Structure formats: structure tokens, C-alpha cells
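Worksheet: the structure to be examined is printed underneath.
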Amino acid sequence: MPYSYDLLVIGDANPDVILGPLSGPLAFGQHEQLVDAGSLTLGGSAAIMACGAARLGLKVAFAGRVGDDDAGRYMRDALTARGVDTRALKVDASLPTPLTVVLTQDDDRAILTSPGTLNAISGDDVPAELLADARHVHAASYFLQPRLAADLPQLLGTARQNGASTSLDTQDDPSGRWDPAALDAVLAQTDVLLPNAQEALHLAAIPSGGPERAAELLAARVPLVVVKNGAAGALCHNGQSLLSAPGLPMTPKDTVGAGDSFDAGFVAALLDGQSPQEALRFAVVCGSLSTRAHGGTRAQPTRDEVLAHTTHSGAHAS
């Protein structure tokens, strides 16, 4: 059946204030510390992924919720400017737009988030007609949105019934519980799971053993498990075999949102009909190139930029 959208993204949209890199521990006691860079930029894992997919040429719609405030208007304008359809981005008159502060240090970061509307987003915020009009449905920040998390099994199940494929990037669980019962229900409706290496270990309920073992275990529950492994690249498992792609050598300016840009690349490649191996290589380049500038969206690559960094065989170009 024909679809109006290649991709519907459901989830979080909030400004990011990114500061860093810190040269030492964060100091309290009203001590002021100076850092080299600071920026206000579009944030939220779902929003960054949506922008990355639009940058790659996909027709993208976004469903979520922001507050009736300057931050919410900033998010709507920023998404729209990047080619994302925001007609399903609802305005909540009673709760503020979420806000995230990211503190960077070397290749790590600390993330502080004020939830605001994240606690109110639910399946009711996703129009049924939009859910039926997208080739692929992606959800992000599962653990930050409890009401939406409870509704995701039905939402993703409905999308699949409509002929769409589905994907999920849970991100971290601030509570540390990684609720297995709730996860079973949503993973049962997920075609592609996209955790990072640390998240994969938690989702697989193994304290150690490496991302390869976590991917193998998770592939018994999801058709395709894709694990992002930082500078080392990424790997995926389809329940039968393990595939991998090396990282793209580069010196990042900022890794915020790199995983979300990876997600966008992987989904875009699959929708293009590429194999999982080809999609893995394509996505690694998308994530790597997004680190060329501060913020999650400012350096997201176009399709031509990604292809310029790969050979015809799919390997990284030198």
C-alpha cells in the first residue's frame, strides 16, 4: 500500500544545553567553572533521530508533546526547519517542555533532564491515521516516558498490522530497573532494537560478557538487534549470525546524538532495501559524521556525504 511518510518517530523533543568539556570533577559550593564550548540546540533522542532521517531524504513525521512555552516553540520551529512534519507535536498547556543539560568530559557525558511533558506523552498523542500512513515507526527514550511506554506495545503492534516495520531505541533507564515484564511486551512488537553496548547488557540482563553476547541473547526476542559500540563501530545479530562494522576514524567534537543519527541511518538504509551488513556500515558513517560539530543535529550528514565515505562494496573509504 502507498504511504505518505517513510518514517513516523514517536517520543521526546526538548532543547539541549551542551557544556564542556569539563577538565575535572563537577564542583559545587557555588564554584564557577569555565569550559571551552556551550550551545543551545535541538535535543531529545526521538527528535534528533527524526532530523537525521529527514537529512537523509526520508519523509518524516513526528508525534510527541511539548509545553506552551518558548522551549516548545523553539522545538517546533527547529524540527520544521529540518524538514520534519510536526502536525502531531501536541502542545500541553499545563506542563513545561522538557529541558536537558549535557556536561561533556573526554568521550563521556553526564545528562540532567527535567521531564516536563515526558510524563504526559501517551498513545493518545499519536493520531491513528498517521500510524497507518508510515512505512516505518520508530520509538525512542522508552524509560523516560512511562505512559507512552505502557502504550507502545499496542502502537507498534498496530503499525505492524498496517504493514509497517518498527524499531525501538530504549536509551538508559534512570531508575536502573530495566523492567523485564514491560520490556517483553514491547520487544514482541519490535522488528529492530537499537541499544548501545551498555544498554544491551542491561536489556539482556547480563552484567558482563560483551555486546556480542548481549546481542545474541536479545536476538532470541527481536528479529534484528543492532548494538552501537562507540568508536569501535557497531554490530548486529539476526538470531543466526553476528555481523559487525568498524568505526570511522575521526576526532569527534561532540558525541551527543551520535547514536540517534546512527539509528536514522540504519532505518533509512533498511527502507532503501539494503542488507543488514550494508545498513550497519551506512549507519556507522551517519553516527560518526554527526560528531563533527557540537549538538546532535548540526553535523548530521546528507546521503551523498555518507556515500562519499563508503566504497561501492560498503566498506569505509580511506
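Chain labels A, B, ... are given in the sequence in which chains occur in the C-alpha cells; within each chain residues are numbered consecutively from 1, and ligands are likewise numbered from 1 in the order shown.
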
- Item | helix (DSSP H, G or I) positions in stretch 52-141 of chain A, given as an MDAnalysis selection string | chainID A and resid 52:55 70:81 116:119 123:125 128:131

Would you save the residues of that selection, restricted to N, CA, C and O atoms, as a JSON list (two decimals), in the first residue's frame?
[["chain", "number", "residue", "atom", "x", "y", "z"],
["A", 52, "GLY", "N", 17.77, 13.47, 11.65],
["A", 52, "GLY", "CA", 18.77, 12.73, 10.90],
["A", 52, "GLY", "C", 18.17, 12.01, 9.71],
["A", 52, "GLY", "O", 18.75, 11.99, 8.61],
["A", 53, "ALA", "N", 16.99, 11.42, 9.90],
["A", 53, "ALA", "CA", 16.32, 10.72, 8.80],
["A", 53, "ALA", "C", 15.87, 11.70, 7.72],
["A", 53, "ALA", "O", 15.99, 11.42, 6.52],
["A", 54, "ALA", "N", 15.35, 12.86, 8.13],
["A", 54, "ALA", "CA", 14.95, 13.87, 7.15],
["A", 54, "ALA", "C", 16.15, 14.38, 6.36],
["A", 54, "ALA", "O", 16.06, 14.62, 5.15],
["A", 55, "ARG", "N", 17.28, 14.53, 7.04],
["A", 55, "ARG", "CA", 18.51, 14.97, 6.38],
["A", 55, "ARG", "C", 18.95, 13.98, 5.32],
["A", 55, "ARG", "O", 19.54, 14.35, 4.30],
["A", 70, "ASP", "N", 8.41, 29.01, 25.45],
["A", 70, "ASP", "CA", 9.43, 29.34, 24.44],
["A", 70, "ASP", "C", 10.21, 28.09, 24.00],
["A", 70, "ASP", "O", 10.56, 27.96, 22.83],
["A", 71, "ALA", "N", 10.49, 27.20, 24.95],
["A", 71, "ALA", "CA", 11.23, 25.98, 24.62],
["A", 71, "ALA", "C", 10.44, 25.11, 23.65],
["A", 71, "ALA", "O", 11.00, 24.52, 22.72],
["A", 72, "GLY", "N", 9.13, 25.02, 23.87],
["A", 72, "GLY", "CA", 8.30, 24.24, 22.97],
["A", 72, "GLY", "C", 8.23, 24.83, 21.58],
["A", 72, "GLY", "O", 8.28, 24.11, 20.57],
["A", 73, "ARG", "N", 8.12, 26.15, 21.50],
["A", 73, "ARG", "CA", 8.08, 26.81, 20.20],
["A", 73, "ARG", "C", 9.43, 26.66, 19.48],
["A", 73, "ARG", "O", 9.48, 26.49, 18.25],
["A", 74, "TYR", "N", 10.49, 26.73, 20.26],
["A", 74, "TYR", "CA", 11.83, 26.51, 19.68],
["A", 74, "TYR", "C", 11.93, 25.12, 19.06],
["A", 74, "TYR", "O", 12.44, 24.95, 17.94],
["A", 75, "MET", "N", 11.42, 24.10, 19.75],
["A", 75, "MET", "CA", 11.50, 22.74, 19.25],
["A", 75, "MET", "C", 10.67, 22.57, 17.97],
["A", 75, "MET", "O", 11.12, 21.95, 17.01],
["A", 76, "ARG", "N", 9.46, 23.12, 17.97],
["A", 76, "ARG", "CA", 8.63, 23.00, 16.78],
["A", 76, "ARG", "C", 9.31, 23.67, 15.58],
["A", 76, "ARG", "O", 9.35, 23.11, 14.47],
["A", 77, "ASP", "N", 9.82, 24.87, 15.79],
["A", 77, "ASP", "CA", 10.47, 25.60, 14.70],
["A", 77, "ASP", "C", 11.71, 24.86, 14.21],
["A", 77, "ASP", "O", 11.97, 24.79, 13.00],
["A", 78, "ALA", "N", 12.49, 24.30, 15.15],
["A", 78, "ALA", "CA", 13.73, 23.62, 14.78],
["A", 78, "ALA", "C", 13.44, 22.34, 14.00],
["A", 78, "ALA", "O", 14.12, 22.03, 13.01],
["A", 79, "LEU", "N", 12.44, 21.58, 14.42],
["A", 79, "LEU", "CA", 12.07, 20.37, 13.69],
["A", 79, "LEU", "C", 11.54, 20.71, 12.31],
["A", 79, "LEU", "O", 11.93, 20.08, 11.31],
["A", 80, "THR", "N", 10.68, 21.70, 12.24],
["A", 80, "THR", "CA", 10.10, 22.09, 10.95],
["A", 80, "THR", "C", 11.18, 22.57, 9.99],
["A", 80, "THR", "O", 11.17, 22.24, 8.80],
["A", 81, "ALA", "N", 12.14, 23.34, 10.50],
["A", 81, "ALA", "CA", 13.22, 23.86, 9.67],
["A", 81, "ALA", "C", 14.07, 22.74, 9.09],
["A", 81, "ALA", "O", 14.69, 22.92, 8.03],
["A", 116, "GLY", "N", 9.20, 17.46, 32.54],
["A", 116, "GLY", "CA", 8.11, 18.22, 31.95],
["A", 116, "GLY", "C", 7.06, 17.34, 31.31],
["A", 116, "GLY", "O", 6.51, 16.44, 31.94],
["A", 117, "THR", "N", 6.81, 17.54, 30.02],
["A", 117, "THR", "CA", 5.77, 16.80, 29.32],
["A", 117, "THR", "C", 6.10, 15.33, 29.08],
["A", 117, "THR", "O", 5.22, 14.57, 28.65],
["A", 118, "LEU", "N", 7.33, 14.91, 29.34],
["A", 118, "LEU", "CA", 7.68, 13.49, 29.12],
["A", 118, "LEU", "C", 6.77, 12.57, 29.93],
["A", 118, "LEU", "O", 6.47, 11.45, 29.50],
["A", 119, "ASN", "N", 6.33, 13.04, 31.10],
["A", 119, "ASN", "CA", 5.47, 12.21, 31.94],
["A", 119, "ASN", "C", 4.04, 12.14, 31.44],
["A", 119, "ASN", "O", 3.24, 11.34, 31.94],
["A", 123, "GLY", "N", -0.07, 7.13, 24.15],
["A", 123, "GLY", "CA", -0.53, 6.68, 22.85],
["A", 123, "GLY", "C", -1.60, 7.58, 22.26],
["A", 123, "GLY", "O", -1.76, 7.63, 21.03],
["A", 124, "ASP", "N", -2.31, 8.31, 23.12],
["A", 124, "ASP", "CA", -3.34, 9.23, 22.62],
["A", 124, "ASP", "C", -2.75, 10.38, 21.81],
["A", 124, "ASP", "O", -3.48, 11.07, 21.08],
["A", 125, "ASP", "N", -1.45, 10.61, 21.96],
["A", 125, "ASP", "CA", -0.80, 11.69, 21.22],
["A", 125, "ASP", "C", -0.41, 11.26, 19.79],
["A", 125, "ASP", "O", 0.14, 12.08, 19.04],
["A", 128, "ALA", "N", -4.24, 8.01, 14.85],
["A", 128, "ALA", "CA", -4.38, 6.70, 14.21],
["A", 128, "ALA", "C", -4.11, 6.77, 12.72],
["A", 128, "ALA", "O", -3.48, 5.86, 12.14],
["A", 129, "GLU", "N", -4.53, 7.86, 12.08],
["A", 129, "GLU", "CA", -4.33, 7.98, 10.64],
["A", 129, "GLU", "C", -2.85, 8.12, 10.29],
["A", 129, "GLU", "O", -2.40, 7.67, 9.24],
["A", 130, "LEU", "N", -2.08, 8.74, 11.19],
["A", 130, "LEU", "CA", -0.65, 8.87, 10.96],
["A", 130, "LEU", "C", 0.05, 7.52, 11.17],
["A", 130, "LEU", "O", 0.97, 7.16, 10.43],
["A", 131, "LEU", "N", -0.39, 6.79, 12.16],
["A", 131, "LEU", "CA", 0.17, 5.47, 12.44],
["A", 131, "LEU", "C", -0.05, 4.52, 11.26],
["A", 131, "LEU", "O", 0.74, 3.59, 11.05]]

Set the distance at 9 Å and use only C-alpha atoms: which residues neighbour stretch 163-174 of chain A once local chain neighbours fewer than 5 positions away are removed? I'd like the list as a short mmCIF file (atom, residue, chain, number, x, y, z; two decimals) with all heavy atoms, in the first residue's frame.
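out_13.cif was written with the following content:
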data_model
loop_
_atom_site.label_atom_id
_atom_site.label_comp_id
_atom_site.auth_asym_id
_atom_site.auth_seq_id
_atom_site.Cartn_x
_atom_site.Cartn_y
_atom_site.Cartn_z
N MET A 1 0.83 -1.19 0.00
CA MET A 1 0.00 0.00 0.00
C MET A 1 0.87 1.25 0.00
O MET A 1 1.99 1.24 0.52
CB MET A 1 -0.92 0.02 1.24
CG MET A 1 -0.21 0.09 2.58
SD MET A 1 -1.34 0.26 3.97
CE MET A 1 -1.89 1.95 3.78
N SER A 45 16.16 12.31 22.03
CA SER A 45 16.63 11.26 21.12
C SER A 45 15.71 11.05 19.93
O SER A 45 16.17 10.87 18.80
CB SER A 45 16.78 9.94 21.90
OG SER A 45 17.83 10.03 22.82
N ALA A 46 14.40 11.09 20.18
CA ALA A 46 13.46 10.90 19.08
C ALA A 46 13.56 12.05 18.08
O ALA A 46 13.57 11.83 16.86
CB ALA A 46 12.03 10.80 19.62
N LEU A 131 -0.39 6.79 12.16
CA LEU A 131 0.17 5.47 12.44
C LEU A 131 -0.05 4.52 11.26
O LEU A 131 0.74 3.59 11.05
CB LEU A 131 -0.46 4.90 13.71
CG LEU A 131 0.24 3.74 14.41
CD1 LEU A 131 1.61 4.17 14.91
CD2 LEU A 131 -0.60 3.24 15.58
N ALA A 132 -1.11 4.75 10.52
CA ALA A 132 -1.43 3.90 9.37
C ALA A 132 -0.81 4.41 8.08
O ALA A 132 -0.97 3.76 7.03
CB ALA A 132 -2.94 3.81 9.21
N ASP A 133 -0.09 5.52 8.13
CA ASP A 133 0.38 6.17 6.91
C ASP A 133 1.89 6.30 6.84
O ASP A 133 2.42 7.17 6.14
CB ASP A 133 -0.27 7.57 6.79
CG ASP A 133 -0.38 8.05 5.36
OD1 ASP A 133 -0.26 7.22 4.44
OD2 ASP A 133 -0.58 9.26 5.16
N ALA A 134 2.61 5.43 7.59
CA ALA A 134 4.07 5.46 7.58
C ALA A 134 4.62 4.06 7.31
O ALA A 134 4.11 3.07 7.84
CB ALA A 134 4.60 5.98 8.92
N ARG A 135 5.68 4.00 6.51
CA ARG A 135 6.31 2.71 6.19
C ARG A 135 7.03 2.11 7.39
O ARG A 135 7.17 0.90 7.49
CB ARG A 135 7.33 2.89 5.07
CG ARG A 135 6.76 3.32 3.74
CD ARG A 135 7.88 3.71 2.78
NE ARG A 135 8.82 2.61 2.56
CZ ARG A 135 10.06 2.78 2.11
NH1 ARG A 135 10.53 4.01 1.86
NH2 ARG A 135 10.85 1.73 1.92
N HIS A 136 7.51 2.98 8.28
CA HIS A 136 8.27 2.52 9.43
C HIS A 136 7.93 3.40 10.62
O HIS A 136 7.76 4.62 10.46
CB HIS A 136 9.78 2.59 9.14
CG HIS A 136 10.63 2.01 10.23
ND1 HIS A 136 11.07 0.70 10.22
CD2 HIS A 136 11.12 2.56 11.38
CE1 HIS A 136 11.79 0.48 11.32
NE2 HIS A 136 11.83 1.59 12.03
N VAL A 137 7.86 2.81 11.81
CA VAL A 137 7.57 3.57 13.04
C VAL A 137 8.71 3.32 14.02
O VAL A 137 9.05 2.17 14.33
CB VAL A 137 6.23 3.15 13.67
CG1 VAL A 137 6.00 3.89 14.98
CG2 VAL A 137 5.08 3.43 12.70
N HIS A 138 9.29 4.41 14.52
CA HIS A 138 10.42 4.33 15.46
C HIS A 138 10.03 5.02 16.75
O HIS A 138 9.45 6.11 16.75
CB HIS A 138 11.65 5.03 14.87
CG HIS A 138 12.83 5.09 15.79
ND1 HIS A 138 13.68 4.03 15.99
CD2 HIS A 138 13.28 6.10 16.60
CE1 HIS A 138 14.61 4.37 16.86
NE2 HIS A 138 14.40 5.62 17.25
N ALA A 139 10.37 4.40 17.88
CA ALA A 139 10.13 4.99 19.19
C ALA A 139 11.46 5.10 19.94
O ALA A 139 12.33 4.24 19.81
CB ALA A 139 9.15 4.15 20.00
N ALA A 140 11.60 6.17 20.74
CA ALA A 140 12.85 6.41 21.45
C ALA A 140 12.58 6.84 22.88
O ALA A 140 11.47 7.24 23.24
CB ALA A 140 13.67 7.47 20.73
N SER A 141 13.63 6.74 23.71
CA SER A 141 13.59 7.16 25.12
C SER A 141 12.46 6.48 25.89
O SER A 141 11.69 7.11 26.61
CB SER A 141 13.50 8.68 25.22
OG SER A 141 14.63 9.29 24.66
N TYR A 142 12.39 5.18 25.74
CA TYR A 142 11.33 4.36 26.33
C TYR A 142 11.17 4.60 27.82
O TYR A 142 10.05 4.78 28.32
CB TYR A 142 11.66 2.89 26.04
CG TYR A 142 10.76 1.88 26.69
CD1 TYR A 142 9.57 1.49 26.09
CD2 TYR A 142 11.10 1.29 27.90
CE1 TYR A 142 8.75 0.55 26.66
CE2 TYR A 142 10.30 0.35 28.49
CZ TYR A 142 9.11 -0.03 27.87
OH TYR A 142 8.30 -0.96 28.46
N PHE A 143 12.26 4.61 28.55
CA PHE A 143 12.19 4.67 30.02
C PHE A 143 11.89 6.07 30.55
O PHE A 143 11.56 6.22 31.72
CB PHE A 143 13.50 4.16 30.63
CG PHE A 143 13.74 2.70 30.37
CD1 PHE A 143 14.69 2.31 29.43
CD2 PHE A 143 13.02 1.73 31.03
CE1 PHE A 143 14.92 0.97 29.18
CE2 PHE A 143 13.24 0.39 30.78
CZ PHE A 143 14.19 0.00 29.86
N LEU A 144 12.01 7.08 29.72
CA LEU A 144 11.73 8.45 30.16
C LEU A 144 10.26 8.83 30.03
O LEU A 144 9.85 9.88 30.52
CB LEU A 144 12.57 9.45 29.36
CG LEU A 144 14.08 9.40 29.54
CD1 LEU A 144 14.74 10.48 28.70
CD2 LEU A 144 14.47 9.55 31.01
N LEU A 156 2.96 -0.10 18.36
CA LEU A 156 3.83 -0.79 17.41
C LEU A 156 3.12 -1.98 16.78
O LEU A 156 3.33 -2.28 15.59
CB LEU A 156 5.13 -1.22 18.10
CG LEU A 156 6.00 -0.10 18.66
CD1 LEU A 156 7.29 -0.68 19.23
CD2 LEU A 156 6.31 0.96 17.61
N GLY A 157 2.28 -2.65 17.56
CA GLY A 157 1.51 -3.76 17.00
C GLY A 157 0.56 -3.29 15.92
O GLY A 157 0.42 -3.95 14.87
N THR A 158 -0.08 -2.16 16.14
CA THR A 158 -0.98 -1.60 15.13
C THR A 158 -0.20 -1.21 13.87
O THR A 158 -0.66 -1.45 12.74
CB THR A 158 -1.71 -0.37 15.69
OG1 THR A 158 -2.50 -0.77 16.82
CG2 THR A 158 -2.61 0.26 14.64
N VAL A 186 6.86 -4.93 24.73
CA VAL A 186 7.21 -4.02 23.63
C VAL A 186 8.19 -4.68 22.66
O VAL A 186 8.10 -4.47 21.45
CB VAL A 186 7.75 -2.68 24.18
CG1 VAL A 186 9.13 -2.83 24.78
CG2 VAL A 186 7.78 -1.62 23.07
N LEU A 187 9.10 -5.50 23.16
CA LEU A 187 10.03 -6.17 22.26
C LEU A 187 9.31 -7.15 21.34
O LEU A 187 9.76 -7.40 20.22
CB LEU A 187 11.12 -6.90 23.06
CG LEU A 187 12.09 -6.01 23.84
CD1 LEU A 187 13.17 -6.85 24.51
CD2 LEU A 187 12.71 -4.94 22.96
N GLN A 189 6.78 -6.58 19.75
CA GLN A 189 6.24 -5.82 18.61
C GLN A 189 7.34 -5.01 17.91
O GLN A 189 7.04 -4.12 17.12
CB GLN A 189 5.12 -4.89 19.09
CG GLN A 189 3.96 -5.59 19.76
CD GLN A 189 3.24 -6.55 18.85
OE1 GLN A 189 3.28 -6.43 17.63
NE2 GLN A 189 2.55 -7.54 19.43
N THR A 190 8.59 -5.31 18.20
CA THR A 190 9.73 -4.56 17.67
C THR A 190 10.48 -5.39 16.64
O THR A 190 10.87 -6.53 16.92
CB THR A 190 10.68 -4.15 18.80
OG1 THR A 190 9.98 -3.33 19.75
CG2 THR A 190 11.88 -3.38 18.27
N ASP A 191 10.70 -4.82 15.47
CA ASP A 191 11.47 -5.51 14.43
C ASP A 191 12.96 -5.27 14.57
O ASP A 191 13.77 -6.16 14.28
CB ASP A 191 11.02 -5.05 13.04
CG ASP A 191 9.60 -5.50 12.73
OD1 ASP A 191 9.29 -6.69 12.90
OD2 ASP A 191 8.79 -4.64 12.31
N VAL A 192 13.34 -4.06 14.97
CA VAL A 192 14.75 -3.70 15.09
C VAL A 192 14.97 -3.02 16.44
O VAL A 192 14.34 -2.00 16.74
CB VAL A 192 15.21 -2.74 13.97
CG1 VAL A 192 16.71 -2.49 14.06
CG2 VAL A 192 14.86 -3.31 12.59
N LEU A 193 15.85 -3.57 17.26
CA LEU A 193 16.21 -2.99 18.55
C LEU A 193 17.58 -2.35 18.41
O LEU A 193 18.51 -2.97 17.89
CB LEU A 193 16.23 -4.08 19.62
CG LEU A 193 16.59 -3.66 21.04
CD1 LEU A 193 15.52 -2.70 21.60
CD2 LEU A 193 16.74 -4.87 21.95
N LEU A 194 17.73 -1.10 18.92
CA LEU A 194 18.92 -0.30 18.65
C LEU A 194 19.57 0.25 19.92
O LEU A 194 19.70 1.47 20.08
CB LEU A 194 18.54 0.86 17.72
CG LEU A 194 18.11 0.48 16.30
CD1 LEU A 194 17.12 1.48 15.74
CD2 LEU A 194 19.34 0.39 15.40
N PRO A 195 20.03 -0.59 20.83
CA PRO A 195 20.69 -0.09 22.04
C PRO A 195 22.17 0.20 21.79
O PRO A 195 22.74 -0.21 20.78
CB PRO A 195 20.54 -1.25 23.02
CG PRO A 195 20.64 -2.46 22.12
CD PRO A 195 19.95 -2.06 20.82
N ASN A 196 22.79 0.92 22.75
CA ASN A 196 24.25 0.96 22.74
C ASN A 196 24.76 -0.24 23.54
O ASN A 196 23.97 -1.02 24.09
CB ASN A 196 24.79 2.30 23.25
CG ASN A 196 24.48 2.56 24.72
OD1 ASN A 196 24.32 1.64 25.53
ND2 ASN A 196 24.40 3.83 25.09
N GLN A 198 26.31 -0.65 26.44
CA GLN A 198 25.96 -0.73 27.86
C GLN A 198 24.48 -1.05 28.04
O GLN A 198 24.09 -1.86 28.89
CB GLN A 198 26.31 0.59 28.55
CG GLN A 198 26.07 0.57 30.06
CD GLN A 198 26.52 1.86 30.72
OE1 GLN A 198 26.83 2.84 30.06
NE2 GLN A 198 26.55 1.87 32.04
N GLU A 199 23.62 -0.41 27.24
CA GLU A 199 22.19 -0.67 27.32
C GLU A 199 21.87 -2.11 26.94
O GLU A 199 20.98 -2.75 27.53
CB GLU A 199 21.44 0.30 26.41
CG GLU A 199 21.48 1.75 26.89
CD GLU A 199 21.25 2.75 25.78
OE1 GLU A 199 21.03 2.35 24.62
OE2 GLU A 199 21.30 3.97 26.08
N ASP A 260 21.62 8.48 17.91
CA ASP A 260 20.35 8.77 17.25
C ASP A 260 20.55 8.95 15.75
O ASP A 260 19.71 8.53 14.95
CB ASP A 260 19.71 10.01 17.87
CG ASP A 260 19.60 9.90 19.38
OD1 ASP A 260 19.10 8.87 19.86
OD2 ASP A 260 20.04 10.84 20.08
N ASP A 263 20.86 5.57 14.37
CA ASP A 263 19.53 4.97 14.22
C ASP A 263 18.88 5.43 12.91
O ASP A 263 18.29 4.62 12.18
CB ASP A 263 18.62 5.36 15.38
CG ASP A 263 19.05 4.77 16.71
OD1 ASP A 263 19.97 3.92 16.73
OD2 ASP A 263 18.46 5.16 17.74
N VAL A 267 17.83 2.82 9.83
CA VAL A 267 16.45 2.70 9.35
C VAL A 267 16.35 3.15 7.88
O VAL A 267 15.70 2.49 7.06
CB VAL A 267 15.50 3.52 10.23
CG1 VAL A 267 14.12 3.64 9.59
CG2 VAL A 267 15.39 2.89 11.62
#

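Neighbours of A:Thr100 closer than or equal to 6 Å, with only C-alpha atoms counted and sequence neighbours fewer than 3 positions away skipped, come out as A:Asp16, A:Leu112, A:Thr113.
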
- Item | Expected answer as an NGL selection string: strand (DSSP E) residues in stretch 111-313 of chain A | :A and (111-114 or 134-140 or 165-169 or 192-193 or 224-228 or 234-237 or 242-245)

How close does each residue of stretch 224-255 of chain A get to stretch 209-213 of chain A, giving the shortest atom pair and distance in Å to one decimal for every residue with an atom at most 9 Å away, counting only C-alpha atoms, sorted by chain and residue number, as a Markdown table?
| residue | atom | partner | partner_atom | distance |
| --- | --- | --- | --- | --- |
| A:Val227 | CA | A:Pro211 | CA | 7.0 |
| A:Lys228 | CA | A:Pro211 | CA | 8.8 |
| A:Asn229 | CA | A:Pro211 | CA | 7.9 |
| A:Leu235 | CA | A:Glu212 | CA | 7.5 |
| A:Cys236 | CA | A:Glu212 | CA | 8.2 |
| A:His237 | CA | A:Glu212 | CA | 8.2 |
| A:Leu242 | CA | A:Glu212 | CA | 7.6 |

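Here the question is which of A:Leu248, A:Ala231, A:Ala88, A:Val101 gets nearest to A:Pro115 using only C-alpha atoms, and that residue is A:Val101.
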
- Contacts of A:Met250 at 9 Å or less, counting only C-alpha atoms, minus same-chain residues fewer than 6 places along, as a ChimeraX atom specification? /A:231,288-289,291-292

- Task: Would you please work out which residue, of A:Leu224, A:Leu40, A:Ala61, A:Ile18, is nearest to A:Tyr3 when using only C-alpha atoms?
- Result: A:Ala61

- Query: Mind pulling up the distance from atom CA of A:Ser261 to atom CA of A:Arg82?
  - Reply: 13.7 Å

- Message: For a test of reading the model, state the distance in Å between atom CA of A:Pro153 and atom CA of A:Leu8, rounded to one decimal.
- Response: 15.5 Å

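Coordinates place atom CA of A:Ala268 at a distance of 9.1 Å from atom CA of A:Phe282.
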
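Closest to A:Arg109 among A:Gly257, A:Gly57, A:Pro96, A:Gly67 is A:Gly257, based on only C-alpha atoms.
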
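Ranking A:Ala63, A:Ala27, A:Leu22, A:Val222 by their shortest atom-to-atom distance to A:Ile10, with only C-alpha atoms included, puts A:Ala63 first.
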